[in-house]
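Q: Provided below: structure25.cif, containing mmCIF, C-alpha atoms.
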data_my_file
#
loop_
_atom_site.label_atom_id
_atom_site.label_comp_id
_atom_site.auth_asym_id
_atom_site.auth_seq_id
_atom_site.Cartn_x
_atom_site.Cartn_y
_atom_site.Cartn_z
CA MET A 7 38.32 108.91 88.20
CA ALA A 8 38.79 107.01 91.46
CA ASN A 9 35.15 105.88 91.32
CA GLU A 10 35.67 104.51 87.79
CA ASP A 11 38.72 102.49 88.96
CA GLN A 12 36.76 101.12 91.89
CA GLN A 13 33.90 100.13 89.60
CA GLU A 14 36.34 98.48 87.17
CA ASN A 15 37.89 96.52 90.03
CA LYS A 16 34.48 95.36 91.12
CA ARG A 17 33.78 94.08 87.58
CA ARG A 18 37.03 91.98 87.57
CA PRO A 19 36.82 88.44 88.89
CA ALA A 20 38.58 88.01 92.20
CA TRP A 21 41.04 85.49 90.73
CA THR A 22 42.22 88.04 88.11
CA SER A 23 43.18 90.57 90.74
CA LYS A 24 44.99 87.92 92.73
CA ALA A 25 46.84 86.75 89.61
CA LEU A 26 47.93 90.29 88.76
CA THR A 27 49.12 90.82 92.30
CA ILE A 28 51.13 87.58 92.24
CA LEU A 29 52.54 88.45 88.81
CA ARG A 30 53.68 91.85 89.95
CA LYS A 31 55.05 90.65 93.27
CA TRP A 32 56.67 87.36 92.35
CA VAL A 33 57.50 87.65 88.63
CA LEU A 34 57.81 91.18 87.27
CA LEU A 35 59.55 92.81 90.20
CA PRO A 36 62.06 89.95 90.72
CA LEU A 37 62.69 89.87 86.97
CA VAL A 38 63.44 93.58 86.80
CA GLY A 39 65.61 93.27 89.87
CA ALA A 40 67.47 90.32 88.40
CA LEU A 41 68.13 92.16 85.15
CA ILE A 42 69.44 95.18 87.03
CA SER A 43 71.59 92.93 89.20
CA VAL A 44 72.98 91.08 86.19
CA MET A 45 73.89 94.34 84.51
CA LEU A 46 75.54 95.70 87.63
CA ILE A 47 77.32 92.46 88.42
CA GLY A 48 78.41 92.09 84.80
CA ARG A 49 79.95 95.53 84.82
CA VAL A 50 81.71 94.83 88.12
CA VAL A 51 83.02 91.51 86.81
CA ASP A 52 84.14 93.18 83.60
CA TRP A 53 85.93 95.85 85.62
CA VAL A 54 87.63 93.24 87.81
CA ILE A 55 88.62 90.51 85.31
CA GLY A 56 88.23 92.23 81.94
CA PRO A 57 91.28 93.81 80.25
CA LYS A 58 91.88 97.47 81.02
CA ALA A 59 93.33 97.77 77.51
CA TYR A 60 93.62 95.65 74.40
CA LYS A 61 97.18 94.79 73.38
CA VAL A 62 99.03 94.82 70.09
CA TYR A 63 101.91 92.44 70.79
CA VAL A 64 105.16 93.09 68.91
CA VAL A 65 107.15 89.85 69.01
CA GLY A 66 110.65 89.18 67.70
CA ASN A 67 114.34 88.75 68.46
CA PHE A 68 115.11 91.84 70.54
CA GLU A 69 118.88 91.61 70.82
CA GLY A 70 119.22 95.16 72.08
CA ALA A 71 121.95 97.58 70.99
CA ASP A 72 125.04 98.08 73.16
CA ALA A 73 127.33 101.08 72.88
CA THR A 74 130.49 98.94 72.94
CA GLN A 75 129.60 95.40 71.81
CA ASN A 76 126.75 96.07 69.37
CA PRO A 77 125.96 99.69 68.54
CA ASN A 78 123.51 98.63 65.82
CA PRO A 79 119.95 97.77 66.84
CA SER A 80 118.49 94.49 65.64
CA THR A 81 115.73 94.37 63.07
CA ALA A 82 113.19 93.87 65.86
CA ASP A 83 114.59 96.75 67.91
CA SER A 84 114.44 99.08 64.91
CA ILE A 85 110.86 98.07 64.12
CA TRP A 86 109.86 98.57 67.75
CA ALA A 87 111.44 102.05 67.69
CA GLY A 88 109.40 102.86 64.60
CA ILE A 89 106.21 101.74 66.34
CA SER A 90 106.77 103.21 69.79
CA GLY A 91 107.84 106.57 68.40
CA GLN A 92 104.41 107.25 66.84
CA GLY A 93 102.42 107.87 70.03
CA SER A 94 99.16 106.24 71.05
CA LEU A 95 96.50 104.49 69.01
CA SER A 96 92.83 105.42 69.08
CA ASP A 97 90.48 103.43 71.30
CA ILE A 98 88.41 100.63 69.82
CA ASN A 99 84.81 100.37 71.03
CA GLY A 100 85.76 102.56 73.98
CA VAL A 101 88.71 100.42 75.10
CA PRO A 102 92.26 101.84 74.89
CA ILE A 103 94.94 100.00 72.86
CA LYS A 104 98.55 99.59 73.94
CA PHE A 105 101.64 98.16 72.27
CA GLU A 106 103.75 95.65 74.18
CA LYS A 107 106.90 93.86 73.00
CA TRP A 108 107.92 90.25 73.66
CA ASP A 109 111.30 88.68 72.97
CA ASP A 110 111.36 85.27 71.25
CA ALA A 111 115.21 85.26 71.22
CA GLY A 112 115.15 84.20 67.57
CA ASP A 113 114.18 80.68 68.65
CA PRO A 114 111.27 78.85 66.93
CA VAL A 115 110.55 76.96 70.18
CA ASP A 116 110.25 80.22 72.11
CA ALA A 117 108.16 81.70 69.30
CA GLN A 118 105.77 78.75 69.51
CA ARG A 119 105.56 79.00 73.31
CA ILE A 120 104.90 82.75 73.28
CA SER A 121 102.25 82.47 70.57
CA ALA A 122 100.43 79.76 72.53
CA ASP A 123 100.36 82.09 75.54
CA LEU A 124 99.12 85.09 73.56
CA ALA A 125 96.42 82.95 71.93
CA THR A 126 94.76 82.40 75.33
CA ARG A 127 95.07 85.92 76.75
CA ASN A 128 91.94 88.01 77.16
CA ASP A 129 93.59 91.21 75.86
CA SER A 130 95.22 90.02 72.61
CA LEU A 131 93.98 92.22 69.75
CA LEU A 132 96.69 91.93 67.10
CA VAL A 133 100.27 90.67 66.64
CA VAL A 134 103.14 92.32 64.74
CA GLY A 135 106.02 89.87 64.19
CA HIS A 136 108.04 87.67 64.44
CA PHE A 137 110.30 89.30 61.77
CA ALA A 138 111.84 85.97 60.59
CA SER A 139 110.13 83.32 58.51
CA THR A 140 111.17 80.33 60.63
CA GLN A 141 109.93 81.82 63.92
CA THR A 142 106.79 83.18 62.27
CA LYS A 143 105.90 79.82 60.76
CA ALA A 144 106.19 78.27 64.24
CA ALA A 145 103.95 80.95 65.76
CA LEU A 146 101.15 81.36 63.22
CA PRO A 147 99.21 78.17 64.05
CA ALA A 148 98.49 79.50 67.54
CA TYR A 149 97.40 82.93 66.30
CA LEU A 150 95.30 81.70 63.38
CA ARG A 151 94.09 78.24 64.49
CA ILE A 152 94.22 77.91 68.29
CA ALA A 153 93.00 81.41 69.20
CA THR A 154 89.21 81.77 68.99
CA PRO A 155 88.53 83.93 67.08
CA PRO A 156 91.89 84.17 65.26
CA ILE A 157 94.27 86.97 66.22
CA PRO A 158 95.00 89.26 63.26
CA VAL A 159 98.69 89.39 62.28
CA ILE A 160 100.85 91.94 60.47
CA LEU A 161 104.05 90.56 58.94
CA THR A 162 106.78 93.10 58.28
CA THR A 163 110.01 91.55 56.98
CA GLU A 164 108.91 87.94 56.42
CA THR A 165 109.11 87.09 52.72
CA ASN A 166 108.36 83.35 52.60
CA PRO A 167 104.87 83.03 51.06
CA ALA A 168 104.22 79.56 52.51
CA LEU A 169 103.97 80.45 56.20
CA LEU A 170 100.25 79.97 56.82
CA PRO A 171 99.20 76.78 58.62
CA PRO A 172 96.90 74.37 56.75
CA ARG A 173 93.24 75.31 56.77
CA SER A 174 90.50 73.07 58.07
CA ARG A 175 87.21 72.91 56.22
CA ALA A 176 85.66 75.30 58.73
CA THR A 177 88.45 77.85 58.41
CA GLY A 178 87.75 80.76 56.14
CA TYR A 179 89.77 83.94 55.72
CA ASP A 180 93.07 84.27 57.58
CA PRO A 181 93.43 87.83 58.93
CA LEU A 182 97.01 88.51 57.85
CA PHE A 183 98.69 91.41 56.03
CA ARG A 184 102.26 91.52 54.68
CA LEU A 185 104.34 94.67 54.35
CA SER A 186 107.08 92.98 52.27
CA PRO A 187 106.84 91.25 48.88
CA THR A 188 107.41 87.50 48.81
CA ASP A 189 110.37 85.36 47.85
CA GLU A 190 109.05 84.51 44.40
CA GLY A 191 109.77 88.13 43.52
CA GLN A 192 113.14 88.08 45.27
CA ALA A 193 114.19 85.00 43.31
CA VAL A 194 113.16 86.59 40.00
CA THR A 195 115.01 89.83 40.79
CA ALA A 196 118.23 88.10 41.86
CA ALA A 197 118.31 85.61 38.97
CA THR A 198 117.51 88.10 36.21
CA PHE A 199 120.05 90.61 37.55
CA ALA A 200 122.86 88.06 37.74
CA ILE A 201 122.11 86.61 34.29
CA ALA A 202 121.93 90.11 32.79
CA HIS A 203 125.43 90.67 34.20
CA GLY A 204 126.88 87.58 32.53
CA ALA A 205 126.30 84.78 35.05
CA ARG A 206 127.03 81.33 33.57
CA GLY A 207 127.49 78.97 36.52
CA PHE A 208 125.69 79.44 39.86
CA TRP A 209 126.64 78.09 43.25
CA VAL A 210 123.50 78.29 45.41
CA VAL A 211 124.00 78.30 49.20
CA GLU A 212 121.33 78.13 51.90
CA THR A 213 121.80 78.84 55.60
CA VAL A 214 120.92 76.20 58.19
CA SER A 215 119.95 78.78 60.83
CA ASN A 216 116.74 79.93 59.10
CA PRO A 217 115.68 76.89 57.03
CA VAL A 218 112.07 77.87 56.32
CA TYR A 219 113.32 81.05 54.66
CA SER A 220 116.48 79.78 52.98
CA GLN A 221 115.23 76.48 51.56
CA PHE A 222 112.23 78.05 49.84
CA LEU A 223 114.21 80.98 48.46
CA THR A 224 117.12 78.92 47.10
CA ARG A 225 114.69 76.52 45.43
CA LYS A 226 112.84 79.40 43.76
CA PHE A 227 116.11 81.04 42.71
CA SER A 228 117.30 77.80 41.12
CA GLU A 229 114.01 77.44 39.26
CA GLN A 230 114.36 80.97 37.90
CA ALA A 231 117.98 80.46 36.86
CA LEU A 232 117.25 77.17 35.09
CA ALA A 233 114.21 78.65 33.36
CA ARG A 234 116.48 81.34 31.91
CA SER A 235 118.95 78.78 30.49
CA SER A 236 121.61 79.41 33.11
CA ARG A 237 123.25 76.59 35.00
CA VAL A 238 123.02 75.85 38.70
CA VAL A 239 126.17 73.76 38.98
CA LEU A 240 126.39 73.50 42.76
CA TRP A 241 123.91 73.62 45.64
CA THR A 242 125.00 73.35 49.29
CA ASN A 243 124.30 74.75 52.74
CA ASN A 244 126.71 77.09 54.49
CA LEU A 245 128.16 74.29 56.65
CA SER A 246 129.23 72.12 53.72
CA VAL A 247 131.49 74.26 51.55
CA PRO A 248 133.00 72.07 48.79
CA PRO A 249 136.73 71.90 47.99
CA VAL A 250 138.25 74.73 45.97
CA GLN A 251 139.03 72.35 43.13
CA THR A 252 135.35 71.46 42.80
CA ILE A 253 134.32 75.10 42.55
CA GLN A 254 137.02 75.79 39.94
CA THR A 255 136.23 72.68 37.91
CA LEU A 256 132.54 73.64 37.76
CA ASN A 257 133.45 77.16 36.57
CA VAL A 258 131.40 78.90 39.26
CA ASP A 259 131.28 82.63 38.53
CA TRP A 260 128.26 83.68 40.66
CA VAL A 261 127.15 82.71 44.16
CA PHE A 262 123.64 83.24 45.50
CA PHE A 263 123.32 83.02 49.29
CA ALA A 264 120.09 83.00 51.32
CA GLY A 265 120.63 83.73 55.01
CA GLY A 266 121.68 86.18 57.71
CA TRP A 267 124.61 88.58 57.70
CA GLN A 268 126.96 86.55 59.92
CA ASP A 269 126.73 83.39 57.81
CA ALA A 270 126.93 85.56 54.69
CA LEU A 271 130.14 87.24 55.86
CA ILE A 272 131.81 83.91 56.66
CA LEU A 273 130.91 82.59 53.21
CA VAL A 274 132.16 85.72 51.44
CA ARG A 275 135.49 85.52 53.29
CA GLN A 276 135.82 81.87 52.30
CA ILE A 277 135.17 82.73 48.64
CA ARG A 278 137.63 85.65 48.65
CA ALA A 279 140.32 83.40 50.18
CA MET A 280 140.06 80.94 47.29
CA PRO A 281 142.38 81.27 44.28
CA GLY A 282 140.53 83.55 41.88
CA GLY A 283 137.83 84.15 44.50
CA HIS A 284 137.84 87.91 43.93
CA ASN A 285 136.54 87.28 40.40
CA VAL A 286 133.44 85.46 41.70
CA ASN A 287 130.37 87.68 42.04
CA VAL A 288 128.24 87.25 45.17
CA ILE A 289 124.59 88.20 45.57
CA LEU A 290 123.06 87.94 49.04
CA SER A 291 119.39 87.77 50.01
CA ASP A 292 117.57 90.43 52.03
CA ALA A 293 118.14 88.60 55.35
CA ALA A 294 121.84 89.48 55.07
CA VAL A 295 121.18 93.22 55.17
CA ASP A 296 122.83 94.60 58.29
CA LEU A 297 125.31 97.42 58.83
CA ARG A 298 127.58 94.95 60.59
CA LEU A 299 128.06 93.12 57.28
CA ILE A 300 129.91 96.20 55.99
CA GLN A 301 131.51 97.24 59.26
CA GLN A 302 133.02 93.83 59.98
CA GLY A 303 133.40 92.69 56.38
CA SER A 304 135.49 95.65 55.24
CA ASP A 305 137.24 94.94 51.90
CA ALA A 306 135.92 91.36 51.76
CA VAL A 307 132.38 92.53 50.99
CA LYS A 308 133.38 95.24 48.52
CA ASP A 309 131.16 95.06 45.39
CA VAL A 310 128.95 92.33 46.88
CA TYR A 311 125.31 92.55 45.76
CA VAL A 312 122.23 92.31 47.98
CA THR A 313 118.51 92.10 47.24
CA HIS A 314 116.01 93.97 49.39
CA PRO A 315 112.42 95.38 49.26
CA MET A 316 113.59 98.85 50.36
CA LEU A 317 115.80 101.25 48.51
CA ALA A 318 119.30 101.34 49.96
CA GLU A 319 118.94 105.06 50.54
CA THR A 320 115.87 104.41 52.71
CA TYR A 321 117.70 101.76 54.71
CA GLU A 322 120.76 103.98 55.13
CA GLY A 323 118.52 106.81 56.32
CA LYS A 324 117.55 107.62 59.88
CA ALA A 325 114.68 105.15 60.14
CA GLY A 326 116.20 102.04 58.54
CA TYR A 327 114.07 99.04 59.46
CA GLY A 328 112.09 101.43 61.64
CA MET A 329 110.15 102.22 58.46
CA TYR A 330 108.40 98.86 58.86
CA GLY A 331 107.44 99.82 62.40
CA TYR A 332 106.09 103.14 61.21
CA GLU A 333 104.02 101.39 58.53
CA ALA A 334 102.80 98.76 61.00
CA PHE A 335 101.60 101.57 63.27
CA GLN A 336 99.88 103.37 60.41
CA LEU A 337 98.21 100.18 59.23
CA THR A 338 97.01 99.28 62.74
CA GLN A 339 95.59 102.77 63.27
CA GLN A 340 93.66 102.67 60.00
CA LEU A 341 92.30 99.21 60.79
CA VAL A 342 91.14 100.47 64.19
CA ASP A 343 89.51 103.54 62.60
CA LYS A 344 87.68 101.41 60.03
CA ALA A 345 86.62 98.95 62.75
CA ASN A 346 85.28 101.74 64.96
CA ALA A 347 83.29 103.30 62.15
CA ASN A 348 80.90 100.31 61.96
CA PHE A 349 81.75 98.37 65.11
CA GLY A 350 78.20 97.48 66.20
CA GLN A 351 77.08 96.46 62.72
CA ILE A 352 80.12 94.25 62.06
CA ALA A 353 80.25 92.80 65.58
CA SER A 354 76.60 91.79 65.47
CA ARG A 355 77.20 90.11 62.12
CA THR A 356 80.30 88.23 63.27
CA GLY A 357 79.49 87.73 66.96
CA GLY A 358 75.79 86.91 66.72
CA PHE A 359 73.58 86.70 69.81
CA GLY A 360 76.59 86.51 72.11
CA TYR A 361 77.70 89.98 71.09
CA TRP A 362 74.23 91.47 71.66
CA PHE A 363 74.02 89.84 75.09
CA ARG A 364 77.43 91.27 76.05
CA ARG A 365 76.41 94.64 74.66
CA PHE A 366 73.21 94.58 76.73
CA LEU A 367 75.28 93.86 79.84
CA GLY A 368 77.84 96.51 78.95
CA LEU A 369 80.67 94.00 78.57
CA ARG A 370 83.57 94.54 76.16
CA ARG A 371 85.72 91.67 74.97
CA ALA A 372 88.84 91.49 72.83
CA THR A 373 87.23 88.61 70.94
CA ASP A 374 84.55 90.94 69.57
CA ALA A 375 87.20 93.48 68.60
CA ARG A 376 89.26 90.77 66.86
CA ASN A 377 86.20 89.62 64.93
CA VAL A 378 85.64 93.16 63.72
CA MET A 379 89.30 93.73 62.82
CA ALA A 380 89.40 90.46 60.84
CA ALA A 381 86.21 91.40 58.99
CA VAL A 382 87.67 94.81 58.11
CA MET A 383 90.83 93.14 56.77
CA GLN A 384 88.83 90.68 54.69
CA ASP A 385 86.62 93.42 53.25
CA ALA A 386 89.71 95.48 52.40
CA VAL A 387 91.26 92.56 50.48
CA LEU A 388 88.09 91.55 48.63
CA GLN A 389 87.02 95.10 47.78
CA GLY A 390 90.47 96.58 47.12
CA ILE A 391 90.12 99.18 49.88
CA PRO A 392 93.36 101.23 50.04
CA PHE A 393 95.53 102.05 53.04
CA ARG A 394 97.92 104.98 53.16
CA LEU A 395 101.37 103.81 54.23
CA ASN A 396 104.49 105.97 54.38
CA GLY A 397 103.04 108.49 51.95
CA GLY A 398 101.91 105.90 49.39
CA ILE A 399 98.78 103.87 48.71
CA CYS A 400 98.68 100.16 49.48
CA ARG A 401 96.03 97.68 48.38
CA PHE A 402 96.58 94.16 49.63
CA ARG A 403 96.43 91.37 47.06
CA PRO A 404 93.93 88.57 47.78
CA GLU A 405 96.32 85.76 46.84
CA THR A 406 99.40 86.87 48.83
CA ALA A 407 98.13 89.59 51.23
CA THR A 408 101.03 91.81 50.06
CA CYS A 409 100.88 95.37 48.75
CA GLU A 410 100.30 95.77 45.04
CA GLY A 411 103.45 97.09 43.42
CA ALA A 412 105.81 95.90 46.18
CA SER A 413 109.05 94.60 44.64
CA PHE A 414 112.70 93.86 45.33
CA HIS A 415 115.70 96.01 44.49
CA VAL A 416 119.37 95.17 44.04
CA TRP A 417 122.02 96.94 46.12
CA GLN A 418 125.80 96.88 45.97
CA VAL A 419 128.41 97.57 48.64
CA GLN A 420 130.27 100.65 47.41
CA ASN A 421 132.70 102.76 49.43
CA GLY A 422 131.52 101.28 52.72
CA THR A 423 127.79 101.80 52.13
CA PHE A 424 124.85 100.15 50.38
CA LYS A 425 123.91 101.69 47.03
CA THR A 426 120.84 100.88 44.94
CA VAL A 427 121.90 99.65 41.48
CA GLN A 428 118.53 98.33 40.28
#
With the file now loaded, output its structure as structure tokens.

A:
Amino acid sequence: MANEDQQENKRRPAWTSKALTILRKWVLLPLVGALISVMLIGRVVDWVIGPKAYKVYVVGNFEGADATQNPNPSTADSIWAGISGQGSLSDINGVPIKFEKWDDAGDPVDAQRISADLATRNDSLLVVGHFASTQTKAALPAYLRIATPPIPVILTTETNPALLPPRSRATGYDPLFRLSPTDEGQAVTAATFAIAHGARGFWVVETVSNPVYSQFLTRKFSEQALARSSRVVLWTNNLSVPPVQTIQTLNVDWVFFAGGWQDALILVRQIRAMPGGHNVNVILSDAAVDLRLIQQGSDAVKDVYVTHPMLAETYEGKAGYGMYGYEAFQLTQQLVDKANANFGQIASRTGGFGYWFRRFLGLRRATDARNVMAAVMQDAVLQGIPFRLNGGICRFRPETATCEGASFHVWQVQNGTFKTVQ
């Protein structure tokens, strides 16, 4: 065998042997070494600057409960309790996922600032929040337009359907799911209920503290009332209550208010203090739902109506708004499971050559995971793929990204509690 190799070498031209030697010494070996170095260095860099975990940021107005001043947790606190009480999520592509909460103090400016920060972080996987339409509208442009790729968002209690920022020509699907129905449905429920109970003249009132929510909802309510041949005789905000004589002259017998519980309670007290005010029916929107409305309102809010996506019995139960947190956790876990099932296939389709290069180097990035999560959400909407939430089945509608079958109910304050009446 050795003799054959020697004879073969003798038959080769001298320049061929020299070329092979140069190729091995100066090209192949350095190339192999460089590839090994790049892989090792890439892994070290990933370990040093890459995220140790991907984050699901839960953002909202975390007031915090206080045993003496405020024993009732805020909506955000209740939702966070529902999320954090479920344990840990599964990993995605081998990277652990953690929940982290941020406080926007109920301020649209803070919401915009926080969203701009989260849009540039290297660990942002998904956002749950901001639990109020005005803050959410301020935050969504950063999540869906500034972040590259967009950060998927789960909305829990936001009901305004017009929150998404305008799309550019290059923008396709917005990765967003809603757990609540939208205000078109709330307006229909409130108007039809009031008219069925004899409403003739409506006074429509919008709060100034949450204008994105209240202006849309009061406009839709007025459209529904007028379409059903009932009169909207007065339309104001909560800071411009008209004289009693005006209300009496216009024969107002029903008031629809869109806003939070504090503004709602002040308005109800003003109505009850008017001559004949106890004969005026009041129906409040879902933003007014809070135990403090009953606790501080006492007899003033007796028989007041409220619209809400949950049954009153569910709200009065142990979980309350924590149900939304529980469902947000369930939804996130199922999205992660579906993303993991075909991660490589979806990531290569959405991430292209860049994903394969990172995969070759052993690098993991939240951007790849976000691409996969968004693709899973889009496929679920287009194909009607179901999710199991709180014991039921939810398919998200393409046009609104809300659950099929989600609707509003009507409650009434009876004997110091909320009771479902429709």

Q: Of the residues A:Phe183, A:Ile289, A:Trp417, A:Gln301, which is the one nearest to Ala386 of chain A, using only C-alpha atoms?

A: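 Closest residue, counting only C-alpha atoms: A:Phe183.
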
Q: Using only C-alpha atoms, which of the listed residues (A:Val65, A:Ile157, A:Ala381, A:Ile272) sits closest to Leu132 of chain A?

A: A:Ile157

Q: Which residue gives the smallest distance to Pro57 of chain A among A:Thr373, A:Asn257, A:Ser80, A:Ser139, with all atoms listed in the file counted?

A: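 Checking each candidate against Pro57 of chain A, we get A:Thr373 as the closest.
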
Q: May I have the protein, DNA and RNA residues with an atom at most 12 Å from (86.5, 96.2, 43.8), counting only C-alpha atoms in the file's coordinates, returned as JSON, numbers by chain?

A: {"A": [385, 386, 387, 388, 389, 390, 391, 392, 401, 402, 403, 404]}

Q: Any chance you could work out the residue set of the PyMOL selection byres ((chain A and resi 86) around 8) here, as a PDB file with C-alpha atoms, in the coordinates of the input?

A:
ATOM      1  CA  VAL A  64     105.160  93.090  68.910  1.00  0.00           C
ATOM      2  CA  ALA A  82     113.190  93.870  65.860  1.00  0.00           C
ATOM      3  CA  ASP A  83     114.590  96.750  67.910  1.00  0.00           C
ATOM      4  CA  SER A  84     114.440  99.080  64.910  1.00  0.00           C
ATOM      5  CA  ILE A  85     110.860  98.070  64.120  1.00  0.00           C
ATOM      6  CA  ALA A  87     111.440 102.050  67.690  1.00  0.00           C
ATOM      7  CA  GLY A  88     109.400 102.860  64.600  1.00  0.00           C
ATOM      8  CA  ILE A  89     106.210 101.740  66.340  1.00  0.00           C
ATOM      9  CA  SER A  90     106.770 103.210  69.790  1.00  0.00           C
ATOM     10  CA  LYS A 107     106.900  93.860  73.000  1.00  0.00           C
ATOM     11  CA  GLY A 328     112.090 101.430  61.640  1.00  0.00           C
ATOM     12  CA  GLY A 331     107.440  99.820  62.400  1.00  0.00           C
TER      13      GLY A 331
END

Q: Hey, can you check how far atom CA of Val62 of chain A sits from atom CA of Pro167 of chain A?

A: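 These atoms are spaced 23.1 Å apart.
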
Q: A:Asp296, A:Asp259, A:Asp129, A:Glu333: which is nearest Ala318 of chain A, counting all atoms listed in the file?

A: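 Among the listed residues, the smallest separation from Ala318 of chain A belongs to A:Asp296.
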
Q: Would you list the residues near (92.7, 97.0, 60.7), meaning any protein, DNA or RNA residue with an atom at most 6 Å from that point in file coordinates, counting only C-alpha atoms, as a list in words?

A: Thr338, Gln340, Leu341, Val342, Met379 and Met383 of chain A

Q: With distances taken over all atoms listed in the file, which of A:Gly100, A:Gly350, A:Pro181, A:Pro114 is nearest to Val382 of chain A?

A: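 Of A:Gly100, A:Gly350, A:Pro181, A:Pro114, the one nearest Val382 of chain A is A:Pro181, counting all atoms listed in the file.
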
Q: Could you list the residues chosen by the PyMOL selection byres ((chain A and resi 230) around 12) in this structure as a VMD selection string?

A: chain A and resid 189 to 201 208 223 to 229 231 to 238
